[in-house]
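**Student:** For reference, this is data-v7.cif, and it has mmCIF, C-alpha atoms and all ligand atoms; chains and numbers go by the auth columns.
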```cif
data_run
#
loop_
_atom_site.group_PDB
_atom_site.id
_atom_site.type_symbol
_atom_site.label_atom_id
_atom_site.label_comp_id
_atom_site.label_asym_id
_atom_site.label_seq_id
_atom_site.Cartn_x
_atom_site.Cartn_y
_atom_site.Cartn_z
_atom_site.B_iso_or_equiv
_atom_site.auth_seq_id
_atom_site.auth_asym_id
ATOM 1 C CA MET A 1 237.731 -32.593 149.976 0.00 870 V
ATOM 2 C CA THR A 2 237.486 -34.270 146.574 0.00 871 V
ATOM 3 C CA THR A 3 235.086 -32.846 143.997 0.00 872 V
ATOM 4 C CA ILE A 4 233.789 -34.818 141.061 0.00 873 V
ATOM 5 C CA VAL A 5 231.679 -33.143 138.384 0.00 874 V
ATOM 6 C CA LEU A 6 228.885 -35.412 137.136 0.00 875 V
ATOM 7 C CA LEU A 7 228.095 -34.374 133.550 0.00 876 V
ATOM 8 C CA SER A 8 224.975 -35.781 131.922 0.00 877 V
ATOM 9 C CA GLY A 9 224.514 -35.900 128.175 0.00 878 V
ATOM 10 C CA SER A 10 220.744 -35.770 128.635 0.00 879 V
ATOM 11 C CA LEU A 11 218.467 -32.877 129.568 0.00 880 V
ATOM 12 C CA ARG A 12 215.449 -35.130 130.173 0.00 881 V
ATOM 13 C CA ARG A 13 213.834 -34.973 133.607 0.00 882 V
ATOM 14 C CA ASP A 14 213.508 -38.747 133.885 0.00 883 V
ATOM 15 C CA SER A 15 216.812 -39.435 132.163 0.00 884 V
ATOM 16 C CA VAL A 16 218.401 -42.813 132.812 0.00 885 V
ATOM 17 C CA ASN A 17 221.805 -41.149 132.433 0.00 886 V
ATOM 18 C CA GLY A 18 220.819 -38.593 135.055 0.00 887 V
ATOM 19 C CA ALA A 19 219.774 -41.546 137.237 0.00 888 V
ATOM 20 C CA LEU A 20 223.151 -43.211 136.655 0.00 889 V
ATOM 21 C CA LEU A 21 224.921 -40.057 137.835 0.00 890 V
ATOM 22 C CA MET A 22 222.621 -39.783 140.866 0.00 891 V
ATOM 23 C CA THR A 23 223.628 -43.356 141.659 0.00 892 V
ATOM 24 C CA VAL A 24 227.304 -42.367 141.407 0.00 893 V
ATOM 25 C CA ARG A 25 226.586 -39.498 143.789 0.00 894 V
ATOM 26 C CA ALA A 26 224.835 -41.818 146.250 0.00 895 V
ATOM 27 C CA ILE A 27 227.804 -44.206 146.171 0.00 896 V
ATOM 28 C CA LEU A 28 230.236 -41.303 146.725 0.00 897 V
ATOM 29 C CA GLU A 29 228.212 -40.162 149.739 0.00 898 V
ATOM 30 C CA ARG A 30 228.562 -43.613 151.280 0.00 899 V
ATOM 31 C CA ARG A 31 232.366 -43.535 150.998 0.00 900 V
ATOM 32 C CA PRO A 32 234.173 -42.785 154.255 0.00 901 V
ATOM 33 C CA ARG A 33 235.955 -39.607 153.167 0.00 902 V
ATOM 34 C CA ASP A 34 234.718 -36.253 151.967 0.00 903 V
ATOM 35 C CA ILE A 35 233.801 -36.555 148.290 0.00 904 V
ATOM 36 C CA THR A 36 231.266 -34.290 146.623 0.00 905 V
ATOM 37 C CA GLY A 37 229.494 -35.099 143.358 0.00 906 V
ATOM 38 C CA THR A 38 228.268 -31.926 141.617 0.00 907 V
ATOM 39 C CA LEU A 39 225.833 -32.250 138.725 0.00 908 V
ATOM 40 C CA LEU A 40 226.358 -30.384 135.452 0.00 909 V
ATOM 41 C CA THR A 41 224.088 -30.500 132.413 0.00 910 V
ATOM 42 C CA PRO A 42 224.438 -28.971 128.946 0.00 911 V
ATOM 43 C CA ALA A 43 221.321 -26.856 129.662 0.00 912 V
ATOM 44 C CA GLY A 44 221.829 -23.116 129.523 0.00 913 V
ATOM 45 C CA LEU A 45 225.089 -23.132 127.601 0.00 914 V
ATOM 46 C CA PRO A 46 224.860 -21.187 124.326 0.00 915 V
ATOM 47 C CA LEU A 47 226.036 -22.792 121.115 0.00 916 V
ATOM 48 C CA PHE A 48 229.797 -22.508 120.857 0.00 917 V
ATOM 49 C CA ASP A 49 230.818 -19.550 118.709 0.00 918 V
ATOM 50 C CA GLU A 50 234.360 -18.241 118.447 0.00 919 V
ATOM 51 C CA ASP A 51 233.037 -14.714 117.950 0.00 920 V
ATOM 52 C CA VAL A 52 231.116 -14.911 121.237 0.00 921 V
ATOM 53 C CA GLU A 53 234.195 -16.359 122.923 0.00 922 V
ATOM 54 C CA ALA A 54 236.353 -13.514 121.616 0.00 923 V
ATOM 55 C CA GLN A 55 233.991 -10.986 123.233 0.00 924 V
ATOM 56 C CA GLY A 56 234.258 -12.756 126.620 0.00 925 V
ATOM 57 C CA VAL A 57 232.574 -16.028 127.504 0.00 926 V
ATOM 58 C CA PRO A 58 228.961 -15.882 128.758 0.00 927 V
ATOM 59 C CA LYS A 59 228.423 -16.264 132.511 0.00 928 V
ATOM 60 C CA SER A 60 226.932 -19.762 132.219 0.00 929 V
ATOM 61 C CA VAL A 61 229.991 -20.930 130.286 0.00 930 V
ATOM 62 C CA ALA A 62 232.429 -19.302 132.698 0.00 931 V
ATOM 63 C CA ALA A 63 230.641 -21.026 135.601 0.00 932 V
ATOM 64 C CA ALA A 64 230.845 -24.440 133.890 0.00 933 V
ATOM 65 C CA GLN A 65 234.513 -23.910 133.013 0.00 934 V
ATOM 66 C CA GLU A 66 235.302 -22.882 136.600 0.00 935 V
ATOM 67 C CA LEU A 67 233.387 -25.848 138.031 0.00 936 V
ATOM 68 C CA VAL A 68 235.330 -28.327 135.909 0.00 937 V
ATOM 69 C CA SER A 69 238.740 -26.705 136.176 0.00 938 V
ATOM 70 C CA THR A 70 238.578 -26.664 139.988 0.00 939 V
ATOM 71 C CA ALA A 71 237.205 -30.236 140.222 0.00 940 V
ATOM 72 C CA ASP A 72 239.398 -33.274 140.739 0.00 941 V
ATOM 73 C CA ALA A 73 237.679 -35.317 138.036 0.00 942 V
ATOM 74 C CA VAL A 74 234.609 -35.604 135.814 0.00 943 V
ATOM 75 C CA VAL A 75 232.241 -38.518 135.259 0.00 944 V
ATOM 76 C CA ILE A 76 230.132 -38.347 132.083 0.00 945 V
ATOM 77 C CA SER A 77 227.025 -40.409 131.433 0.00 946 V
ATOM 78 C CA SER A 78 225.417 -40.070 128.031 0.00 947 V
ATOM 79 C CA PRO A 79 222.755 -41.574 125.805 0.00 948 V
ATOM 80 C CA SER A 80 223.311 -42.317 122.139 0.00 949 V
ATOM 81 C CA TYR A 81 221.424 -40.042 119.762 0.00 950 V
ATOM 82 C CA ASN A 82 221.514 -41.538 116.278 0.00 951 V
ATOM 83 C CA GLY A 83 224.731 -43.355 117.093 0.00 952 V
ATOM 84 C CA SER A 84 226.502 -40.256 118.413 0.00 953 V
ATOM 85 C CA MET A 85 226.691 -38.173 121.567 0.00 954 V
ATOM 86 C CA PRO A 86 223.868 -35.593 121.946 0.00 955 V
ATOM 87 C CA GLY A 87 224.683 -32.191 120.451 0.00 956 V
ATOM 88 C CA GLY A 88 224.353 -30.450 123.813 0.00 957 V
ATOM 89 C CA LEU A 89 227.070 -32.639 125.308 0.00 958 V
ATOM 90 C CA LYS A 90 229.420 -32.026 122.385 0.00 959 V
ATOM 91 C CA ASN A 91 228.761 -28.299 122.732 0.00 960 V
ATOM 92 C CA THR A 92 229.623 -28.485 126.441 0.00 961 V
ATOM 93 C CA LEU A 93 232.843 -30.375 125.733 0.00 962 V
ATOM 94 C CA ASP A 94 233.783 -27.819 123.075 0.00 963 V
ATOM 95 C CA TRP A 95 233.392 -24.955 125.575 0.00 964 V
ATOM 96 C CA LEU A 96 235.325 -26.932 128.209 0.00 965 V
ATOM 97 C CA SER A 97 238.151 -27.502 125.715 0.00 966 V
ATOM 98 C CA ARG A 98 238.775 -23.765 125.420 0.00 967 V
ATOM 99 C CA PRO A 99 241.127 -21.988 125.324 0.00 968 V
ATOM 100 C CA TRP A 100 242.946 -24.542 123.196 0.00 969 V
ATOM 101 C CA GLY A 101 245.623 -26.342 125.236 0.00 970 V
ATOM 102 C CA ALA A 102 244.611 -24.662 128.502 0.00 971 V
ATOM 103 C CA GLY A 103 240.913 -25.466 128.822 0.00 972 V
ATOM 104 C CA ALA A 104 239.088 -26.831 131.854 0.00 973 V
ATOM 105 C CA LEU A 105 239.516 -30.393 130.569 0.00 974 V
ATOM 106 C CA THR A 106 243.277 -30.165 130.115 0.00 975 V
ATOM 107 C CA GLY A 107 244.850 -32.923 132.206 0.00 976 V
ATOM 108 C CA LYS A 108 241.512 -33.661 133.889 0.00 977 V
ATOM 109 C CA PRO A 109 240.649 -37.299 134.632 0.00 978 V
ATOM 110 C CA VAL A 110 237.328 -38.068 132.917 0.00 979 V
ATOM 111 C CA ALA A 111 235.424 -41.361 133.202 0.00 980 V
ATOM 112 C CA VAL A 112 232.718 -42.300 130.703 0.00 981 V
ATOM 113 C CA ALA A 113 229.511 -44.298 131.104 0.00 982 V
ATOM 114 C CA THR A 114 226.464 -44.675 128.865 0.00 983 V
ATOM 115 C CA ALA A 115 222.913 -45.877 129.447 0.00 984 V
ATOM 116 C CA SER A 116 219.828 -46.443 127.340 0.00 985 V
ATOM 117 C CA PRO A 117 216.590 -48.403 127.359 0.00 986 V
ATOM 118 C CA GLY A 118 218.024 -50.426 124.467 0.00 987 V
ATOM 119 C CA ARG A 119 220.031 -53.599 124.743 0.00 988 V
ATOM 120 C CA ARG A 120 223.481 -52.118 124.065 0.00 989 V
ATOM 121 C CA GLY A 121 223.262 -49.307 126.605 0.00 990 V
ATOM 122 C CA GLY A 122 224.528 -46.672 124.190 0.00 991 V
ATOM 123 C CA ALA A 123 227.958 -48.344 124.138 0.00 992 V
ATOM 124 C CA GLU A 124 228.584 -47.226 120.539 0.00 993 V
ATOM 125 C CA VAL A 125 229.078 -43.649 121.779 0.00 994 V
ATOM 126 C CA GLN A 126 231.998 -44.473 124.054 0.00 995 V
ATOM 127 C CA PRO A 127 234.810 -44.569 121.451 0.00 996 V
ATOM 128 C CA GLU A 128 233.606 -41.224 120.117 0.00 997 V
ATOM 129 C CA LEU A 129 233.522 -39.701 123.596 0.00 998 V
ATOM 130 C CA HIS A 130 237.026 -41.002 124.289 0.00 999 V
ATOM 131 C CA ARG A 131 238.312 -39.512 121.043 0.00 1000 V
ATOM 132 C CA VAL A 132 236.785 -36.079 121.687 0.00 1001 V
ATOM 133 C CA LEU A 133 237.975 -36.025 125.298 0.00 1002 V
ATOM 134 C CA GLU A 134 241.513 -36.962 124.310 0.00 1003 V
ATOM 135 C CA ARG A 135 241.530 -34.273 121.643 0.00 1004 V
ATOM 136 C CA ALA A 136 240.357 -31.796 124.298 0.00 1005 V
ATOM 137 C CA GLY A 137 243.337 -32.745 126.482 0.00 1006 V
ATOM 138 C CA ALA A 138 241.488 -34.786 129.116 0.00 1007 V
ATOM 139 C CA LEU A 139 242.914 -37.931 130.703 0.00 1008 V
ATOM 140 C CA VAL A 140 240.364 -40.614 129.855 0.00 1009 V
ATOM 141 C CA VAL A 141 240.077 -42.900 132.882 0.00 1010 V
ATOM 142 C CA GLU A 142 240.539 -46.591 132.095 0.00 1011 V
ATOM 143 C CA HIS A 143 237.940 -48.824 133.742 0.00 1012 V
ATOM 144 C CA GLY A 144 235.686 -51.725 132.924 0.00 1013 V
ATOM 145 C CA ARG A 145 233.091 -50.633 130.378 0.00 1014 V
ATOM 146 C CA VAL A 146 229.909 -49.205 131.935 0.00 1015 V
ATOM 147 C CA ALA A 147 227.119 -49.359 129.344 0.00 1016 V
ATOM 148 C CA VAL A 148 223.809 -49.935 131.083 0.00 1017 V
ATOM 149 C CA GLY A 149 221.345 -51.552 128.699 0.00 1018 V
ATOM 150 C CA ASN A 150 217.670 -52.096 129.406 0.00 1019 V
ATOM 151 C CA ALA A 151 218.126 -49.175 131.777 0.00 1020 V
ATOM 152 C CA VAL A 152 214.517 -48.124 132.400 0.00 1021 V
ATOM 153 C CA ALA A 153 213.567 -51.612 133.556 0.00 1022 V
ATOM 154 C CA ARG A 154 216.589 -51.752 135.876 0.00 1023 V
ATOM 155 C CA LEU A 155 215.867 -48.503 137.719 0.00 1024 V
ATOM 156 C CA GLY A 156 215.149 -48.844 141.420 0.00 1025 V
ATOM 157 C CA PRO A 157 212.157 -47.335 143.219 0.00 1026 V
ATOM 158 C CA ARG A 158 213.869 -44.038 144.167 0.00 1027 V
ATOM 159 C CA GLY A 159 215.004 -43.328 140.628 0.00 1028 V
ATOM 160 C CA ILE A 160 218.518 -44.630 141.180 0.00 1029 V
ATOM 161 C CA PHE A 161 220.029 -47.953 140.176 0.00 1030 V
ATOM 162 C CA THR A 162 220.079 -50.641 142.832 0.00 1031 V
ATOM 163 C CA ASP A 163 220.804 -53.518 140.435 0.00 1032 V
ATOM 164 C CA PRO A 164 223.977 -55.095 141.904 0.00 1033 V
ATOM 165 C CA ALA A 165 225.629 -55.456 138.481 0.00 1034 V
ATOM 166 C CA VAL A 166 225.192 -51.722 137.843 0.00 1035 V
ATOM 167 C CA THR A 167 226.350 -50.579 141.279 0.00 1036 V
ATOM 168 C CA ALA A 168 229.377 -52.913 141.120 0.00 1037 V
ATOM 169 C CA ALA A 169 230.315 -51.454 137.722 0.00 1038 V
ATOM 170 C CA LEU A 170 229.936 -47.924 139.101 0.00 1039 V
ATOM 171 C CA ASP A 171 232.045 -48.811 142.146 0.00 1040 V
ATOM 172 C CA GLY A 172 234.809 -49.879 139.766 0.00 1041 V
ATOM 173 C CA LEU A 173 234.431 -46.694 137.717 0.00 1042 V
ATOM 174 C CA ILE A 174 234.642 -44.560 140.892 0.00 1043 V
ATOM 175 C CA ASP A 175 237.714 -46.421 142.173 0.00 1044 V
ATOM 176 C CA ALA A 176 239.449 -45.948 138.812 0.00 1045 V
ATOM 177 C CA THR A 177 238.511 -42.254 138.759 0.00 1046 V
ATOM 178 C CA LEU A 178 239.805 -41.642 142.269 0.00 1047 V
ATOM 179 C CA THR A 179 242.977 -43.554 141.444 0.00 1048 V
ATOM 180 C CA ALA A 180 243.459 -41.285 138.430 0.00 1049 V
ATOM 181 C CA THR A 181 243.165 -38.224 140.676 0.00 1050 V
ATOM 182 C CA GLY A 182 245.846 -39.728 142.931 0.00 1051 V
ATOM 183 C CA HIS A 183 243.506 -39.683 145.927 0.00 1052 V
ATOM 184 C CA LEU A 184 242.864 -43.406 146.158 0.00 1053 V
ATOM 185 C CA ALA A 185 246.570 -44.178 145.872 0.00 1054 V
ATOM 186 C CA ARG A 186 247.268 -41.768 148.743 0.00 1055 V
ATOM 187 C CA GLY A 187 244.694 -43.553 150.905 0.00 1056 V
ATOM 188 C CA ALA A 188 242.385 -40.521 151.035 0.00 1057 V
ATOM 189 C CA VAL A 189 239.154 -42.424 150.383 0.00 1058 V
HETATM 190 C C1 LIG B . 217.114 -38.028 118.737 0.00 1101 X
HETATM 191 C C2 LIG B . 217.237 -39.381 119.400 0.00 1101 X
HETATM 192 C C3 LIG B . 218.051 -40.336 118.846 0.00 1101 X
HETATM 193 C C4 LIG B . 218.232 -41.581 119.476 0.00 1101 X
HETATM 194 N N1 LIG B . 219.103 -42.479 118.950 0.00 1101 X
HETATM 195 C C5 LIG B . 219.381 -43.613 119.631 0.00 1101 X
HETATM 196 C C6 LIG B . 220.418 -44.479 119.208 0.00 1101 X
HETATM 197 O O1 LIG B . 221.062 -44.253 118.196 0.00 1101 X
HETATM 198 N N2 LIG B . 220.678 -45.596 119.953 0.00 1101 X
HETATM 199 C C7 LIG B . 219.982 -45.860 121.100 0.00 1101 X
HETATM 200 O O2 LIG B . 220.273 -46.858 121.771 0.00 1101 X
HETATM 201 N N3 LIG B . 218.998 -45.044 121.536 0.00 1101 X
HETATM 202 C C8 LIG B . 218.687 -43.925 120.833 0.00 1101 X
HETATM 203 N N4 LIG B . 217.716 -43.068 121.293 0.00 1101 X
HETATM 204 C C9 LIG B . 216.938 -43.456 122.478 0.00 1101 X
HETATM 205 C C10 LIG B . 217.622 -42.990 123.742 0.00 1101 X
HETATM 206 O O3 LIG B . 218.611 -43.946 124.094 0.00 1101 X
HETATM 207 C C11 LIG B . 216.601 -42.875 124.874 0.00 1101 X
HETATM 208 O O4 LIG B . 215.689 -41.857 124.572 0.00 1101 X
HETATM 209 C C12 LIG B . 217.258 -42.638 126.193 0.00 1101 X
HETATM 210 O O5 LIG B . 216.334 -42.831 127.208 0.00 1101 X
HETATM 211 C C13 LIG B . 217.842 -41.271 126.294 0.00 1101 X
HETATM 212 O O6 LIG B . 218.618 -41.172 127.453 0.00 1101 X
HETATM 213 P P1 LIG B . 218.062 -40.468 128.760 0.00 1101 X
HETATM 214 O O7 LIG B . 217.029 -41.385 129.375 0.00 1101 X
HETATM 215 O O8 LIG B . 219.270 -40.330 129.617 0.00 1101 X
HETATM 216 O O9 LIG B . 217.454 -39.159 128.363 0.00 1101 X
HETATM 217 C C14 LIG B . 217.512 -41.841 120.664 0.00 1101 X
HETATM 218 C C15 LIG B . 216.672 -40.861 121.203 0.00 1101 X
HETATM 219 C C16 LIG B . 216.550 -39.659 120.604 0.00 1101 X
HETATM 220 C C17 LIG B . 215.664 -38.588 121.247 0.00 1101 X
#
```
The structure in this file should be written as structure tokens.
**Tutor:**
Amino acid sequence: MTTIVLLSGSLRRDSVNGALLMTVRAILERRPRDITGTLLTPAGLPLFDEDVEAQGVPKSVAAAQELVSTADAVVISSPSYNGSMPGGLKNTLDWLSRPWGAGALTGKPVAVATASPGRRGGAEVQPELHRVLERAGALVVEHGRVAVGNAVARLGPRGIFTDPAVTAALDGLIDATLTATGHLARGAV
């Protein structure tokens, strides 16, 4: 069994980034071997505070840390908020980076996608996400850039992307992620 955590930067019910991750999950379900995509959102995580951490991490944080540390990989999809990642996503990554040098993200393959209704698909956030992930000790997965512009108009009828250009890009992202986990190379998918 391979487990991939699907972390959205958006809390919005009709989020295009949530839809992108649901599309990743649908693609994973169609693959021949056992791969589970588990959704994670920044909702419910308190603001990072070293004093809180020192007293013992809250249950919601411990659950998120456990989910990521036991997963094989993470796929993030995020909007751009004022040219940066949303604060909730940064807060989540900060919690997942702890304790320093031994956090849930340490050595974890993480792939990054962005989506927005705008033309550039939130692409400007990707270098920032890469930098933060690297600082947190993650292994940023190399793949063709996935920045889905004009995303609302490209959504399919069931709230997932059926646009062939988007699904082909996500296929490539998934292959690269599984390769980074070692599973694709071992012929497990
Ligand atoms: C506070 C805020 C700032 C935003 N800043 C940007 C931005 O800098 N660039 C951009 O392309 N879209 C920006 N947007 C629009 C978002 O891309 C859009 O709301 C998008 O649908 C959010 O992603 P979601 O559908 O996954 O929730 C911003 C939206 C909000 C609420």
**Student:** Tell me, in Å to one decimal, how far CA of Ala1005 in chain V is from CA of Ser966 in chain V.
**Tutor:**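 So the two atoms, CA of Ala1005 in chain V and CA of Ser966 in chain V, lie 5.0 Å apart.
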**Student:** Box for ligand LIG 1101 (chain X): with edges along x, y and z, all listed atoms inside and 6 Å added on each side, what are the centre and edge lengths in Å to one decimal, as AutoDock Vina command-line options?
**Tutor:**
```
--center_x 218.4 --center_y -42.4 --center_z 123.9 --size_x 17.4 --size_y 20.8 --size_z 23.4
```
**Student:** Can you build me a table of range 870-941 of chain V residues sitting at most 9 Å from range 1038-1045 of chain V, with the closest atom pair per residue and its distance in Å to one decimal, using all atoms listed in the file, sorted by chain and residue number, as a Markdown table?
**Tutor:**
```
| residue | atom | partner | partner_atom | distance |
| --- | --- | --- | --- | --- |
| V:Leu889 | CA | V:Leu1039 | CA | 8.6 |
| V:Thr892 | CA | V:Leu1039 | CA | 8.2 |
| V:Val893 | CA | V:Leu1039 | CA | 6.6 |
| V:Ile896 | CA | V:Asp1040 | CA | 7.4 |
| V:Leu897 | CA | V:Ile1043 | CA | 8.0 |
```
**Student:** Give the residues close to ligand LIG 1101 (chain X), within 9 Å, counting only C-alpha atoms and all ligand atoms; write them as a PyMOL selection string.
**Tutor:** chain V and resi 877-889+946-955+983-994+1018+1020-1021
**Student:** Is there a way to get, as a list in words, all residues within 9 Å of the point (237.1, -42.0, 126.5) in file coordinates, counting all atoms listed in the file?
**Tutor:**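 Protein, DNA and RNA residues close to (237.1, -42.0, 126.5): Val979, Ala980, Val981, Gln995, Pro996, Glu997, Leu998, His999, Arg1000, Val1001, Leu1002, Glu1003, Ala1007, Leu1008, Val1009, Val1010 and Glu1011 of chain V.
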**Student:** Which residues fall under the PyMOL selection byres (((chain V and resi 905) around 9) and not hetatm) in this file, as a list of chain:residue names?
**Tutor:**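 For this structure, the PyMOL selection byres (((chain V and resi 905) around 9) and not hetatm) captures V:Met870, V:Thr871, V:Thr872, V:Ile873, V:Val874, V:Arg894, V:Leu897, V:Glu898, V:Asp903, V:Ile904, V:Gly906, V:Thr907.
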**Student:** At what distance in Å, to one decimal, does CA of Leu908 in chain V lie from CA of Ala1016 in chain V?
**Tutor:**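 CA of Leu908 in chain V lies at a distance of 19.6 Å from CA of Ala1016 in chain V.
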**Student:** Considering only C-alpha atoms, can you say which of V:Ala1049, V:Val926, V:Ala931, V:Val937 comes closest to Leu974 in chain V?
**Tutor:** V:Val937
**Student:** What is the distance between CA of Met891 in chain V and CA of Val1015 in chain V, in Å to one decimal?
**Tutor:**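 Interatomic distance here is 14.9 Å.
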**Student:** Using only C-alpha atoms for the distances, tell me which of V:Gly1013, V:Pro911, V:Pro1033, V:Gly1025 is nearest to Ala982 in chain V.
**Tutor:**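 Answer, going by the shortest atom-to-atom distance: V:Gly1013.
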**Student:** Would you kindly return, as JSON, numbers by chain, each protein, DNA or RNA residue with an atom no farther than 10 Å from any atom of range 913-915 of chain V, considering only C-alpha atoms and excluding same-chain residues fewer than 4 positions away?
**Tutor:** {"V": [921, 926, 927, 928, 929, 930, 931, 932, 933, 957, 958, 960, 961, 964]}
**Student:** Because some atoms of range 942-958 of chain V are absent here, can you restore N, CA and C atoms and send them as an mmCIF file, in the frame of the given file?
**Tutor:**
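Once everything was written out, this is selection-v2.cif:
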```
data_model
loop_
_atom_site.group_PDB
_atom_site.id
_atom_site.type_symbol
_atom_site.label_atom_id
_atom_site.label_comp_id
_atom_site.auth_asym_id
_atom_site.auth_seq_id
_atom_site.Cartn_x
_atom_site.Cartn_y
_atom_site.Cartn_z
ATOM 1 N N ALA V 942 237.963 -34.388 139.136
ATOM 2 C CA ALA V 942 237.679 -35.317 138.036
ATOM 3 C C ALA V 942 236.261 -35.073 137.538
ATOM 4 N N VAL V 943 235.952 -35.694 136.415
ATOM 5 C CA VAL V 943 234.609 -35.604 135.814
ATOM 6 C C VAL V 943 234.148 -37.020 135.498
ATOM 7 N N VAL V 944 232.864 -37.279 135.747
ATOM 8 C CA VAL V 944 232.241 -38.518 135.259
ATOM 9 C C VAL V 944 231.122 -38.110 134.310
ATOM 10 N N ILE V 945 231.163 -38.635 133.089
ATOM 11 C CA ILE V 945 230.132 -38.347 132.083
ATOM 12 C C ILE V 945 229.240 -39.570 131.921
ATOM 13 N N SER V 946 227.924 -39.337 131.851
ATOM 14 C CA SER V 946 227.025 -40.409 131.433
ATOM 15 C C SER V 946 226.145 -39.871 130.315
ATOM 16 N N SER V 947 226.093 -40.605 129.212
ATOM 17 C CA SER V 947 225.417 -40.070 128.031
ATOM 18 C C SER V 947 224.586 -41.129 127.314
ATOM 19 N N PRO V 948 223.456 -40.690 126.740
ATOM 20 C CA PRO V 948 222.755 -41.574 125.805
ATOM 21 C C PRO V 948 223.409 -41.500 124.435
ATOM 22 N N SER V 949 222.964 -42.376 123.557
ATOM 23 C CA SER V 949 223.311 -42.317 122.139
ATOM 24 C C SER V 949 222.148 -41.665 121.426
ATOM 25 N N TYR V 950 222.430 -40.626 120.643
ATOM 26 C CA TYR V 950 221.424 -40.042 119.762
ATOM 27 C C TYR V 950 221.876 -40.313 118.328
ATOM 28 N N ASN V 951 221.151 -41.182 117.657
ATOM 29 C CA ASN V 951 221.514 -41.538 116.278
ATOM 30 C C ASN V 951 222.967 -41.972 116.168
ATOM 31 N N GLY V 952 223.396 -42.783 117.142
ATOM 32 C CA GLY V 952 224.731 -43.355 117.093
ATOM 33 C C GLY V 952 225.839 -42.403 117.484
ATOM 34 N N SER V 953 225.490 -41.251 118.068
ATOM 35 C CA SER V 953 226.502 -40.256 118.413
ATOM 36 C C SER V 953 226.146 -39.645 119.768
ATOM 37 N N MET V 954 227.052 -38.850 120.321
ATOM 38 C CA MET V 954 226.691 -38.173 121.567
ATOM 39 C C MET V 954 225.695 -37.046 121.249
ATOM 40 N N PRO V 955 224.799 -36.695 122.189
ATOM 41 C CA PRO V 955 223.868 -35.593 121.946
ATOM 42 C C PRO V 955 224.626 -34.287 121.681
ATOM 43 N N GLY V 956 224.023 -33.445 120.820
ATOM 44 C CA GLY V 956 224.683 -32.191 120.451
ATOM 45 C C GLY V 956 225.005 -31.307 121.650
ATOM 46 N N GLY V 957 224.119 -31.299 122.634
ATOM 47 C CA GLY V 957 224.353 -30.450 123.813
ATOM 48 C C GLY V 957 225.608 -30.860 124.571
ATOM 49 N N LEU V 958 225.862 -32.168 124.614
ATOM 50 C CA LEU V 958 227.070 -32.639 125.308
ATOM 51 C C LEU V 958 228.312 -32.251 124.514
#
```
